[in-house]
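Enquirer: Pasting a structure below so you can have a look.
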Amino acid sequence: MKYPLVDYPFSKNDINSGRKILSMGKFITMNKVTREFEKRFAKYLGVKYALMVNSGSSANLLALFALINPKAKKRVKSQDECIIPTICWSTSLWPIIQAGLKPVFVDVDLKTFNINLDDLKRKITKKTKAILTVHVLGNSTNMDELKKIVKKRNLNLIEDTCESLGSKYGSKFLGGFGRFGTFSFYVSHQISAGEGGMIVCNDYNDYKILYSLRSHGWDRGLNNGKKNSFNFINSGFNLRPMDITAAIGLNQFKRLNQMIKIRSNNRKLIIDSIKNSNDWNNQIDFLDSNKKVKPSWFGMPILINKRYISKKSKFLNYLNKNGIETRPIISGNFINQPASKLYKLNKRRETFKNADQIEKRGFFIGLHPKKINKNLVKFLTKKLLMVDKI
Ligand SMILES: Cc1ncc(COP(=O)(O)O)c(C=O)c1O
């Protein structure tokens with residue numbers, strides 16, 4: 001029996017919708033279907049604008065470069081500080097540095113894996129101008145409190161929602177609270193187009209900046225959709241998506257709610273089976289969602305009991321050898337990564353106790369959008385409760 005991180009993610013319809021675009025020849029890159037996906041995405045999320053890009057990393061890059069753009073309202077300047085949790089993805093962090101801002105690291109909560117708001121408050125200085133929060137694996141921090149801090153200090157909030165499409169905090173979708181929200185459609189995320197991402201915002205000026213930065217800095221298609229305008233009005237990248245990936249993404253998006261439900265049910269079946277087992281003995285535990293969060297799960301995060309920390313790598317080897325694919329909780333504590341040392345990111349030599357614990361005790365397994373059967377639940381229960389036996 002095998003339990004890979006990702007099950008084959010595409011339906012026949014996904015493939016046919018992509019194939020249809022491919023057969024159209026010159027229109028395979030960003031075109032009509034991209035625009036339709038953007039419109040539907042914005043409507044679903046309850047935001048004014050959505051712009052599709054070629055990855056979640058590109059969406060983060062755009063968010064940061066929009067903040068420092070000369071045309072931006074409340075422009076953020078070189079060497080201003082941007083707060084980020086140490087449990088983050090590499091391309092949540094690097095755009096901050098690439099945009100010339102200074103990252104300030106904050107610890108996370110052990111219960112939610114998300115940014116710790118007490119540590120965040122301690123780290124705010126006069127130079128703090130932005131917070132990039134990462135909604136980890138479908139979960140979030142206390143958004144009511146975070147919103148209050150952002151408002152009181154007049155800060156810019158970016159929500160890296162690459163792992164949490166479809167999760168709600170209260171009645172609102174994550175990604176819709178900040179100045180920018182970013183999403184990824186890479187394989188294994190809530191929807192998958194192979195590659196692709198989305199950035200959302202509510203301000204037309206911000207949207208125009210994102211729009212021209214995405215594609216060479218031109219205004220083509222802006223200004224009431226004039227197609228033949230070739231004014232280069234801003235700096236730029238080429239972060240355009242393909243219409244092929246937009247078609248696959250849009251098709252998957254239509255069944256997002258159904259996939260959220262199936263993942264949630266599968267998760268419950270696995271957790272109930274483990275917690276009802278005589279062998280459980282608190283060997284492992286699971287991530288709790290914040291009370292106000294209605295999660296759209298990305299994978300199934302697991303924490304090994306403290307008493308077995310020294311056995312973790314042996315245990316993960318055992319799982320992988322037995323067909324259960326595992327991944328770290330994002331990148332662990334990013335400060336411990338070689339790239340952080342290369343760029344001397346922890347000059348203050350701070351320690352991040354909870355992020356370290358999550359790195360030492362945490363990992364995640366997949367959560368597939370197909371109903372799991374009893375035999376597979378049994379298999380997972382048996383293998384996941386072998387920590388004390390190996
Ligand atoms: C939190 C987070 N941000 C950004 C990204 C980057 O997304 P992409 O792989 O689409 O570039 C990921 C990727 O998994 C992620 O987990």
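Every chain in the structure tokens takes a letter, A first, then B, and so on in the order presented; its residues are numbered from 1, and the ligands are numbered from 1 following the presented order.
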Would you list the residues that come within 6 Å of ligand 1? Count only C-alpha atoms and all ligand atoms and give the answer as a list in words.
Expert: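 Going residue by residue within 6 Å of ligand 1, we get Ser55, Gly56, Ser57, Cys88, Trp89, Thr91, Ser92, Val134, Asp160, Cys162, Glu163, Ser184, Phe185, Tyr186, Gly196 and Gly197 of chain A.
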Enquirer: Write out, as a compact mmCIF listing (two decimals), in the first residue's frame, the residues just selected, with all heavy atoms.
Expert:
# COMPACT_ATOMS: atom_id res chain seq x y z
N SER A 55 3.06 31.78 -10.87
CA SER A 55 3.30 30.99 -9.64
C SER A 55 2.92 31.81 -8.41
O SER A 55 2.76 33.04 -8.49
CB SER A 55 4.78 30.59 -9.52
OG SER A 55 5.56 31.72 -9.23
N GLY A 56 2.84 31.12 -7.28
CA GLY A 56 2.62 31.81 -6.00
C GLY A 56 3.81 32.68 -5.65
O GLY A 56 3.66 33.76 -5.08
N SER A 57 5.01 32.20 -6.00
CA SER A 57 6.22 32.99 -5.74
C SER A 57 6.15 34.31 -6.50
O SER A 57 6.52 35.37 -5.97
CB SER A 57 7.46 32.24 -6.22
OG SER A 57 7.52 30.98 -5.63
N CYS A 88 8.11 30.01 7.26
CA CYS A 88 7.66 30.61 6.01
C CYS A 88 8.26 29.83 4.85
O CYS A 88 9.10 28.97 5.06
CB CYS A 88 8.10 32.07 5.94
SG CYS A 88 9.89 32.28 5.92
N TRP A 89 7.83 30.15 3.66
CA TRP A 89 8.44 29.54 2.48
C TRP A 89 9.57 30.45 2.01
O TRP A 89 9.59 31.64 2.35
CB TRP A 89 7.39 29.38 1.38
CG TRP A 89 7.85 28.59 0.20
CD1 TRP A 89 8.01 29.04 -1.08
CD2 TRP A 89 8.20 27.21 0.18
NE1 TRP A 89 8.43 28.02 -1.89
CE2 TRP A 89 8.57 26.88 -1.14
CE3 TRP A 89 8.26 26.20 1.16
CZ2 TRP A 89 8.99 25.61 -1.51
CZ3 TRP A 89 8.67 24.93 0.79
CH2 TRP A 89 9.02 24.64 -0.53
N THR A 91 10.20 31.72 -0.89
CA THR A 91 9.75 32.85 -1.71
C THR A 91 8.61 33.66 -1.06
O THR A 91 7.97 34.47 -1.71
CB THR A 91 9.34 32.39 -3.13
OG1 THR A 91 8.44 31.30 -3.01
CG2 THR A 91 10.56 32.02 -3.94
N SER A 92 8.36 33.40 0.24
CA SER A 92 7.62 34.39 1.04
C SER A 92 8.65 35.45 1.44
O SER A 92 8.36 36.64 1.50
CB SER A 92 7.03 33.80 2.32
OG SER A 92 6.51 32.52 2.14
N VAL A 134 2.06 34.41 6.91
CA VAL A 134 1.92 33.20 6.10
C VAL A 134 0.82 32.35 6.74
O VAL A 134 0.95 31.95 7.90
CB VAL A 134 3.25 32.41 6.04
CG1 VAL A 134 3.08 31.15 5.20
CG2 VAL A 134 4.37 33.27 5.49
N ASP A 160 0.29 35.80 2.63
CA ASP A 160 0.73 34.70 1.79
C ASP A 160 -0.24 33.55 2.06
O ASP A 160 -0.16 32.87 3.08
CB ASP A 160 2.18 34.31 2.11
CG ASP A 160 2.67 33.18 1.22
OD1 ASP A 160 1.84 32.41 0.73
OD2 ASP A 160 3.90 33.07 1.02
N CYS A 162 -0.77 31.06 -0.04
CA CYS A 162 -0.44 30.01 -1.01
C CYS A 162 -0.85 28.62 -0.51
O CYS A 162 -1.05 27.71 -1.31
CB CYS A 162 1.05 30.05 -1.34
SG CYS A 162 1.45 31.46 -2.36
N GLU A 163 -0.95 28.46 0.82
CA GLU A 163 -1.30 27.13 1.36
C GLU A 163 -2.73 27.10 1.91
O GLU A 163 -3.08 26.16 2.61
CB GLU A 163 -0.33 26.78 2.50
CG GLU A 163 1.10 26.72 2.05
CD GLU A 163 2.05 26.24 3.13
OE1 GLU A 163 1.62 26.09 4.28
OE2 GLU A 163 3.21 26.00 2.79
N SER A 184 -1.22 30.04 -4.60
CA SER A 184 -0.45 29.17 -5.49
C SER A 184 -1.32 28.02 -5.99
O SER A 184 -2.12 27.46 -5.24
CB SER A 184 0.75 28.58 -4.72
OG SER A 184 1.32 27.52 -5.45
N PHE A 185 -1.12 27.67 -7.25
CA PHE A 185 -1.83 26.52 -7.84
C PHE A 185 -0.85 25.42 -8.22
O PHE A 185 -1.06 24.66 -9.15
CB PHE A 185 -2.64 26.95 -9.07
CG PHE A 185 -3.50 28.17 -8.84
CD1 PHE A 185 -3.58 29.18 -9.79
CD2 PHE A 185 -4.22 28.31 -7.65
CE1 PHE A 185 -4.35 30.31 -9.57
CE2 PHE A 185 -4.99 29.44 -7.42
CZ PHE A 185 -5.06 30.44 -8.37
N TYR A 186 0.28 25.38 -7.50
CA TYR A 186 1.26 24.33 -7.75
C TYR A 186 0.68 22.99 -7.29
O TYR A 186 -0.21 22.95 -6.44
CB TYR A 186 2.56 24.65 -6.97
CG TYR A 186 3.66 23.67 -7.21
CD1 TYR A 186 4.21 23.51 -8.48
CD2 TYR A 186 4.14 22.87 -6.18
CE1 TYR A 186 5.20 22.59 -8.70
CE2 TYR A 186 5.15 21.95 -6.40
CZ TYR A 186 5.67 21.81 -7.67
OH TYR A 186 6.65 20.89 -7.90
N GLY A 196 1.16 28.08 -11.40
CA GLY A 196 0.20 29.19 -11.46
C GLY A 196 -0.03 29.81 -10.11
O GLY A 196 0.24 29.19 -9.07
N GLY A 197 -0.47 31.04 -10.10
CA GLY A 197 -0.77 31.72 -8.85
C GLY A 197 -1.72 32.88 -9.10
O GLY A 197 -2.08 33.16 -10.26
Enquirer: Could you go through segment 169-332 of chain A and tell me which residues DSSP, when run on the backbone, assigns to alpha helix (DSSP H), listing them as an NGL selection string?
Expert: :A and (204-214 or 222-225 or 243-253 or 256-275 or 312-321)
Enquirer: Closest to Ile21 of chain A among A:Tyr343, A:Trp280, A:Ala246, A:Ile358, using only C-alpha atoms?
Expert: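 Closest residue, counting only C-alpha atoms: A:Ala246.
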Enquirer: In terms of the shortest atom-to-atom distance over only C-alpha atoms, which of A:Ile149, A:Leu5, A:Ile335, A:Ile270 is closest to Val377 of chain A?
Expert: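 Among A:Ile149, A:Leu5, A:Ile335, A:Ile270, it is A:Ile270 that comes nearest to Val377 of chain A.
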Enquirer: Which is closest to Lys314 of chain A among A:Val104, A:Val387, A:Val6, A:Ile83, if we use only C-alpha atoms?
Expert: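 Once distances to Lys314 of chain A are computed over only C-alpha atoms, the minimum belongs to A:Val387.
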Enquirer: Based on DSSP run over this structure's backbone, return all residues of segment 59-267 of chain A in strand (DSSP E or B), as a PyMOL selection string.
Expert: chain A and resi 81-85+102-106+108+115+128-134+156-160+168-169+172-173+180-184+186+194+197-201+215+218+232+238+242
Enquirer: What would the file look like if the residues just selected were written as a CSV table (one decimal), in the first residue's frame with C-alpha atoms?
Expert:
chain,number,residue,atom,x,y,z
A,81,GLU,CA,11.2,46.8,7.8
A,82,CYS,CA,8.8,44.0,6.9
A,83,ILE,CA,7.8,41.5,9.6
A,84,ILE,CA,7.7,37.8,8.6
A,85,PRO,CA,7.2,34.6,10.6
A,102,LYS,CA,14.7,44.5,5.8
A,103,PRO,CA,13.0,41.3,7.0
A,104,VAL,CA,12.3,41.1,10.7
A,105,PHE,CA,11.6,37.6,12.0
A,106,VAL,CA,8.9,36.7,14.4
A,108,VAL,CA,5.1,31.3,15.6
A,115,ILE,CA,2.7,34.1,13.4
A,128,THR,CA,8.1,48.8,10.4
A,129,LYS,CA,6.0,49.4,7.4
A,130,ALA,CA,4.7,46.0,6.4
A,131,ILE,CA,3.8,42.6,7.7
A,132,LEU,CA,3.9,39.5,5.5
A,133,THR,CA,1.9,36.8,7.3
A,134,VAL,CA,1.9,33.2,6.1
A,156,ASN,CA,0.6,47.2,5.0
A,157,LEU,CA,-0.5,43.6,5.3
A,158,ILE,CA,0.4,41.0,2.8
A,159,GLU,CA,-1.2,37.6,3.3
A,160,ASP,CA,0.7,34.7,1.8
A,168,LYS,CA,-12.2,31.3,6.1
A,169,TYR,CA,-11.6,33.4,9.2
A,172,LYS,CA,-14.3,36.1,5.3
A,173,PHE,CA,-11.8,34.2,3.1
A,180,PHE,CA,-2.5,42.0,-1.0
A,181,GLY,CA,-3.3,38.3,-0.8
A,182,THR,CA,-1.3,35.7,-2.8
A,183,PHE,CA,-2.2,32.1,-3.9
A,184,SER,CA,-0.4,29.2,-5.5
A,186,TYR,CA,1.3,24.3,-7.7
A,194,GLY,CA,0.7,22.3,-12.5
A,197,GLY,CA,-0.8,31.7,-8.9
A,198,MET,CA,-3.1,34.6,-8.1
A,199,ILE,CA,-2.7,38.0,-6.4
A,200,VAL,CA,-5.7,39.9,-5.1
A,201,CYS,CA,-6.3,43.5,-3.9
A,215,SER,CA,3.9,42.0,-18.0
A,218,TRP,CA,3.4,48.1,-20.2
A,232,PHE,CA,5.9,51.3,-21.0
A,238,ASN,CA,7.4,38.7,-17.2
A,242,MET,CA,-0.5,30.4,-19.7
Enquirer: I'd like the contact shell of segment 10-17 of chain A - 8 Å cut-off, only C-alpha atoms, skipping same-chain residues fewer than 3 positions apart - returned as a list in words.
Expert: Lys20, Ile21, Ser192, Ile244, Ala247, Ile248, Gly249, Asn251 and Gln252 of chain A
Enquirer: For those residues, write N, CA, C and O atoms to a file as an mmCIF file, in the first residue's frame.
Expert:
data_model
loop_
_atom_site.group_PDB
_atom_site.id
_atom_site.type_symbol
_atom_site.label_atom_id
_atom_site.label_comp_id
_atom_site.auth_asym_id
_atom_site.auth_seq_id
_atom_site.Cartn_x
_atom_site.Cartn_y
_atom_site.Cartn_z
ATOM 1 N N LYS A 20 -7.939 21.949 -25.058
ATOM 2 C CA LYS A 20 -8.711 22.838 -25.946
ATOM 3 C C LYS A 20 -7.922 24.131 -26.211
ATOM 4 O O LYS A 20 -7.843 24.609 -27.336
ATOM 5 N N ILE A 21 -7.319 24.658 -25.167
ATOM 6 C CA ILE A 21 -6.545 25.900 -25.344
ATOM 7 C C ILE A 21 -5.311 25.629 -26.213
ATOM 8 O O ILE A 21 -5.001 26.392 -27.127
ATOM 9 N N SER A 192 -4.851 22.581 -8.250
ATOM 10 C CA SER A 192 -3.570 22.444 -8.938
ATOM 11 C C SER A 192 -3.727 22.651 -10.435
ATOM 12 O O SER A 192 -4.573 22.038 -11.079
ATOM 13 N N ILE A 244 -3.442 27.911 -20.825
ATOM 14 C CA ILE A 244 -3.614 26.459 -20.589
ATOM 15 C C ILE A 244 -3.748 26.193 -19.084
ATOM 16 O O ILE A 244 -4.664 25.504 -18.634
ATOM 17 N N ALA A 247 -6.992 27.492 -17.722
ATOM 18 C CA ALA A 247 -8.149 26.629 -18.015
ATOM 19 C C ALA A 247 -8.200 25.452 -17.036
ATOM 20 O O ALA A 247 -9.267 25.116 -16.519
ATOM 21 N N ILE A 248 -7.036 24.863 -16.768
ATOM 22 C CA ILE A 248 -7.003 23.726 -15.826
ATOM 23 C C ILE A 248 -7.357 24.228 -14.420
ATOM 24 O O ILE A 248 -8.173 23.636 -13.715
ATOM 25 N N GLY A 249 -6.762 25.373 -14.047
ATOM 26 C CA GLY A 249 -7.012 25.946 -12.716
ATOM 27 C C GLY A 249 -8.480 26.301 -12.533
ATOM 28 O O GLY A 249 -9.084 25.983 -11.506
ATOM 29 N N ASN A 251 -11.062 25.075 -14.052
ATOM 30 C CA ASN A 251 -11.863 23.860 -13.979
ATOM 31 C C ASN A 251 -11.786 23.226 -12.585
ATOM 32 O O ASN A 251 -12.790 22.783 -12.029
ATOM 33 N N GLN A 252 -10.592 23.228 -12.006
ATOM 34 C CA GLN A 252 -10.435 22.689 -10.641
ATOM 35 C C GLN A 252 -11.128 23.582 -9.620
ATOM 36 O O GLN A 252 -11.698 23.104 -8.646
#
Enquirer: Name all residues at most 8 Å from Phe286 of chain A (count only C-alpha atoms; drop same-chain ones fewer than 3 positions away) and give them as an MDAnalysis selection string.
Expert: chainID A and resid 271 300:303
Enquirer: May I have the selected residues written with all heavy atoms, as a PDB file, in the first residue's frame?
Expert:
ATOM      1  N   ILE A 271      -7.630  10.947  11.837  1.00  0.00           N
ATOM      2  CA  ILE A 271      -7.385  11.368  13.228  1.00  0.00           C
ATOM      3  C   ILE A 271      -8.215  10.525  14.206  1.00  0.00           C
ATOM      4  O   ILE A 271      -7.704  10.050  15.224  1.00  0.00           O
ATOM      5  CB  ILE A 271      -7.671  12.875  13.411  1.00  0.00           C
ATOM      6  CG1 ILE A 271      -6.629  13.676  12.630  1.00  0.00           C
ATOM      7  CG2 ILE A 271      -7.647  13.263  14.898  1.00  0.00           C
ATOM      8  CD1 ILE A 271      -6.790  15.172  12.715  1.00  0.00           C
ATOM      9  N   MET A 300      -1.652  17.134   5.870  1.00  0.00           N
ATOM     10  CA  MET A 300      -2.035  16.797   7.234  1.00  0.00           C
ATOM     11  C   MET A 300      -0.822  16.922   8.146  1.00  0.00           C
ATOM     12  O   MET A 300      -0.003  16.001   8.247  1.00  0.00           O
ATOM     13  CB  MET A 300      -2.549  15.360   7.226  1.00  0.00           C
ATOM     14  CG  MET A 300      -3.214  15.069   8.485  1.00  0.00           C
ATOM     15  SD  MET A 300      -4.385  13.781   8.285  1.00  0.00           S
ATOM     16  CE  MET A 300      -4.299  13.194   9.942  1.00  0.00           C
ATOM     17  N   PRO A 301      -0.690  18.097   8.807  1.00  0.00           N
ATOM     18  CA  PRO A 301       0.466  18.310   9.674  1.00  0.00           C
ATOM     19  C   PRO A 301       0.393  17.453  10.933  1.00  0.00           C
ATOM     20  O   PRO A 301      -0.677  17.280  11.516  1.00  0.00           O
ATOM     21  CB  PRO A 301       0.364  19.797  10.045  1.00  0.00           C
ATOM     22  CG  PRO A 301      -0.800  20.343   9.314  1.00  0.00           C
ATOM     23  CD  PRO A 301      -1.607  19.224   8.761  1.00  0.00           C
ATOM     24  N   ILE A 302       1.551  16.955  11.338  1.00  0.00           N
ATOM     25  CA  ILE A 302       1.635  16.053  12.498  1.00  0.00           C
ATOM     26  C   ILE A 302       2.821  16.477  13.358  1.00  0.00           C
ATOM     27  O   ILE A 302       3.876  16.855  12.830  1.00  0.00           O
ATOM     28  CB  ILE A 302       1.838  14.590  11.996  1.00  0.00           C
ATOM     29  CG1 ILE A 302       0.559  14.121  11.287  1.00  0.00           C
ATOM     30  CG2 ILE A 302       2.218  13.643  13.145  1.00  0.00           C
ATOM     31  CD1 ILE A 302       0.684  12.793  10.568  1.00  0.00           C
ATOM     32  N   LEU A 303       2.632  16.437  14.675  1.00  0.00           N
ATOM     33  CA  LEU A 303       3.744  16.712  15.605  1.00  0.00           C
ATOM     34  C   LEU A 303       4.040  15.444  16.394  1.00  0.00           C
ATOM     35  O   LEU A 303       3.137  14.855  16.992  1.00  0.00           O
ATOM     36  CB  LEU A 303       3.361  17.803  16.603  1.00  0.00           C
ATOM     37  CG  LEU A 303       3.462  19.276  16.212  1.00  0.00           C
ATOM     38  CD1 LEU A 303       3.131  20.155  17.422  1.00  0.00           C
ATOM     39  CD2 LEU A 303       4.823  19.645  15.650  1.00  0.00           C
TER      40      LEU A 303
END
Enquirer: Name the residues in contact with Leu101 of chain A at a cut-off of 8 Å, using only C-alpha atoms, excluding same-chain residues fewer than 2 positions from it; report them as an mmCIF file with all heavy atoms, in the first residue's frame.
Expert:
data_model
loop_
_atom_site.group_PDB
_atom_site.id
_atom_site.type_symbol
_atom_site.label_atom_id
_atom_site.label_comp_id
_atom_site.auth_asym_id
_atom_site.auth_seq_id
_atom_site.Cartn_x
_atom_site.Cartn_y
_atom_site.Cartn_z
ATOM 1 N N LYS A 77 9.667 52.365 1.625
ATOM 2 C CA LYS A 77 10.981 52.779 1.101
ATOM 3 C C LYS A 77 12.084 51.772 1.450
ATOM 4 O O LYS A 77 11.952 50.992 2.378
ATOM 5 C CB LYS A 77 11.359 54.134 1.720
ATOM 6 C CG LYS A 77 10.287 55.195 1.562
ATOM 7 C CD LYS A 77 10.759 56.341 0.687
ATOM 8 C CE LYS A 77 9.595 57.243 0.305
ATOM 9 N NZ LYS A 77 8.781 57.695 1.442
ATOM 10 N N SER A 78 13.152 51.865 0.708
ATOM 11 C CA SER A 78 14.312 51.010 0.909
ATOM 12 C C SER A 78 14.727 51.013 2.393
ATOM 13 O O SER A 78 14.744 52.070 3.025
ATOM 14 C CB SER A 78 15.431 51.576 0.026
ATOM 15 O OG SER A 78 16.598 50.898 0.271
ATOM 16 N N GLN A 79 15.055 49.847 2.916
ATOM 17 C CA GLN A 79 15.476 49.652 4.314
ATOM 18 C C GLN A 79 14.350 49.761 5.342
ATOM 19 O O GLN A 79 14.582 49.617 6.539
ATOM 20 C CB GLN A 79 16.630 50.596 4.696
ATOM 21 C CG GLN A 79 17.950 50.242 4.023
ATOM 22 C CD GLN A 79 18.338 48.780 4.276
ATOM 23 O OE1 GLN A 79 18.447 48.343 5.413
ATOM 24 N NE2 GLN A 79 18.519 47.999 3.214
ATOM 25 N N ASP A 80 13.116 50.042 4.882
ATOM 26 C CA ASP A 80 11.992 49.920 5.820
ATOM 27 C C ASP A 80 11.869 48.448 6.208
ATOM 28 O O ASP A 80 12.343 47.556 5.492
ATOM 29 C CB ASP A 80 10.681 50.379 5.154
ATOM 30 C CG ASP A 80 10.546 51.902 5.151
ATOM 31 O OD1 ASP A 80 11.268 52.564 5.925
ATOM 32 O OD2 ASP A 80 9.726 52.415 4.367
ATOM 33 N N GLU A 81 11.203 48.206 7.347
ATOM 34 C CA GLU A 81 11.158 46.827 7.848
ATOM 35 C C GLU A 81 9.848 46.117 7.496
ATOM 36 O O GLU A 81 8.773 46.729 7.524
ATOM 37 C CB GLU A 81 11.340 46.839 9.376
ATOM 38 C CG GLU A 81 12.753 47.266 9.759
ATOM 39 C CD GLU A 81 12.943 47.460 11.256
ATOM 40 O OE1 GLU A 81 11.977 47.278 12.025
ATOM 41 O OE2 GLU A 81 14.070 47.798 11.649
ATOM 42 N N CYS A 82 9.979 44.853 7.166
ATOM 43 C CA CYS A 82 8.802 44.014 6.889
ATOM 44 C C CYS A 82 8.888 42.788 7.802
ATOM 45 O O CYS A 82 9.871 42.048 7.780
ATOM 46 C CB CYS A 82 8.793 43.599 5.422
ATOM 47 S SG CYS A 82 7.413 42.495 5.018
ATOM 48 N N ILE A 96 11.021 40.127 -0.132
ATOM 49 C CA ILE A 96 11.205 41.245 0.806
ATOM 50 C C ILE A 96 12.612 41.800 0.621
ATOM 51 O O ILE A 96 12.821 43.018 0.491
ATOM 52 C CB ILE A 96 11.006 40.756 2.270
ATOM 53 C CG1 ILE A 96 9.572 40.263 2.480
ATOM 54 C CG2 ILE A 96 11.369 41.854 3.277
ATOM 55 C CD1 ILE A 96 9.318 39.627 3.841
ATOM 56 N N ILE A 97 13.583 40.890 0.560
ATOM 57 C CA ILE A 97 14.986 41.292 0.426
ATOM 58 C C ILE A 97 15.249 41.825 -0.982
ATOM 59 O O ILE A 97 15.912 42.850 -1.168
ATOM 60 C CB ILE A 97 15.888 40.081 0.767
ATOM 61 C CG1 ILE A 97 15.684 39.741 2.246
ATOM 62 C CG2 ILE A 97 17.354 40.369 0.469
ATOM 63 C CD1 ILE A 97 16.200 38.399 2.658
ATOM 64 N N GLN A 98 14.687 41.137 -1.976
ATOM 65 C CA GLN A 98 14.878 41.582 -3.358
ATOM 66 C C GLN A 98 14.307 42.989 -3.577
ATOM 67 O O GLN A 98 14.815 43.756 -4.402
ATOM 68 C CB GLN A 98 14.234 40.576 -4.327
ATOM 69 C CG GLN A 98 15.045 39.271 -4.426
ATOM 70 C CD GLN A 98 14.192 38.041 -4.760
ATOM 71 O OE1 GLN A 98 12.961 38.101 -4.806
ATOM 72 N NE2 GLN A 98 14.850 36.911 -4.972
ATOM 73 N N ALA A 99 13.269 43.341 -2.829
ATOM 74 C CA ALA A 99 12.672 44.677 -2.977
ATOM 75 C C ALA A 99 13.421 45.724 -2.140
ATOM 76 O O ALA A 99 13.016 46.891 -2.086
ATOM 77 C CB ALA A 99 11.195 44.637 -2.570
ATOM 78 N N PRO A 103 13.946 42.229 6.344
ATOM 79 C CA PRO A 103 13.025 41.299 7.010
ATOM 80 C C PRO A 103 13.279 41.263 8.518
ATOM 81 O O PRO A 103 14.436 41.265 8.951
ATOM 82 C CB PRO A 103 13.376 39.942 6.385
ATOM 83 C CG PRO A 103 14.781 40.073 5.936
ATOM 84 C CD PRO A 103 15.041 41.527 5.648
#
Enquirer: Quick one: which segment 204-315 of chain A residues come within 8 Å of segment 109-113 of chain A, and what is the nearest atom pair for each with the distance in Å to one decimal, counting only C-alpha atoms, rows ordered by chain and ascending number, as JSON lines?
Expert:
{"residue": "A:Leu287", "atom": "CA", "partner": "A:Thr112", "partner_atom": "CA", "distance": 6.3}
{"residue": "A:Asp288", "atom": "CA", "partner": "A:Thr112", "partner_atom": "CA", "distance": 6.0}
{"residue": "A:Ser289", "atom": "CA", "partner": "A:Thr112", "partner_atom": "CA", "distance": 6.1}
{"residue": "A:Asn290", "atom": "CA", "partner": "A:Thr112", "partner_atom": "CA", "distance": 6.4}
Enquirer: Could the residues in this selection be written to a file with all heavy atoms, as a compact mmCIF listing (two decimals), in the first residue's frame?
Expert:
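The resulting file, part.txt, is reproduced below:
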# COMPACT_ATOMS: atom_id res chain seq x y z
N LEU A 287 -2.35 19.37 14.17
CA LEU A 287 -2.50 20.83 14.22
C LEU A 287 -3.95 21.19 14.49
O LEU A 287 -4.86 20.66 13.85
CB LEU A 287 -2.06 21.39 12.85
CG LEU A 287 -2.32 22.85 12.55
CD1 LEU A 287 -1.48 23.74 13.45
CD2 LEU A 287 -1.97 23.16 11.10
N ASP A 288 -4.15 22.10 15.45
CA ASP A 288 -5.50 22.61 15.72
C ASP A 288 -5.73 23.84 14.88
O ASP A 288 -4.86 24.69 14.80
CB ASP A 288 -5.58 23.09 17.18
CG ASP A 288 -5.96 21.98 18.11
OD1 ASP A 288 -6.44 20.95 17.61
OD2 ASP A 288 -5.75 22.16 19.32
N SER A 289 -6.92 23.95 14.28
CA SER A 289 -7.16 25.20 13.56
C SER A 289 -7.58 26.25 14.58
O SER A 289 -8.14 25.94 15.62
CB SER A 289 -8.23 25.03 12.49
OG SER A 289 -9.44 24.70 13.09
N ASN A 290 -7.24 27.50 14.28
CA ASN A 290 -7.68 28.61 15.11
C ASN A 290 -9.21 28.52 15.25
O ASN A 290 -9.90 28.16 14.30
CB ASN A 290 -7.27 29.92 14.40
CG ASN A 290 -7.58 31.14 15.21
OD1 ASN A 290 -8.73 31.36 15.60
ND2 ASN A 290 -6.58 31.94 15.48
Enquirer: Within 9 Å of Gly366 of chain A, counting only C-alpha atoms, which residues show up once you throw out same-chain ones fewer than 6 positions away? Write them as a PyMOL selection string, please.
Expert: chain A and resi 3-7+188+298-301+324-327
Enquirer: How many Å lie between atom CA of Gln357 of chain A and atom CA of Leu319 of chain A, rounded to one decimal?
Expert: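 If I compute the distance from atom CA of Gln357 of chain A to atom CA of Leu319 of chain A, I get 20.4 Å.
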Enquirer: Tell me which of A:Gly217, A:Gly323, A:Gly170, A:Gly138 sits closest to Leu62 of chain A, counting only C-alpha atoms.
Expert: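 Between A:Gly217, A:Gly323, A:Gly170, A:Gly138, the residue approaching Leu62 of chain A most closely is A:Gly217.
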Enquirer: If you count only C-alpha atoms, which residues fall within 9 Å of Asp203 of chain A, apart from same-chain ones fewer than 4 positions away, as a list in words?
Expert: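 After dropping sequence-adjacent residues, the list is Lys48, Tyr49, Arg179, Tyr207 and Lys208 of chain A.
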Enquirer: Would you output that residue set with C-alpha atoms, as an mmCIF file, in the first residue's frame?
Expert:
data_model
loop_
_atom_site.group_PDB
_atom_site.id
_atom_site.type_symbol
_atom_site.label_atom_id
_atom_site.label_comp_id
_atom_site.auth_asym_id
_atom_site.auth_seq_id
_atom_site.Cartn_x
_atom_site.Cartn_y
_atom_site.Cartn_z
ATOM 1 C CA LYS A 48 -12.349 43.713 -6.131
ATOM 2 C CA TYR A 49 -9.407 42.550 -8.213
ATOM 3 C CA ARG A 179 -3.600 45.031 1.000
ATOM 4 C CA TYR A 207 -4.235 46.699 -9.371
ATOM 5 C CA LYS A 208 -2.860 48.869 -12.180
#
Enquirer: Would you compute the distance between atom CA of Ile284 of chain A and atom CA of Ser140 of chain A? Give it in Å to one decimal.
Expert: 21.5 Å
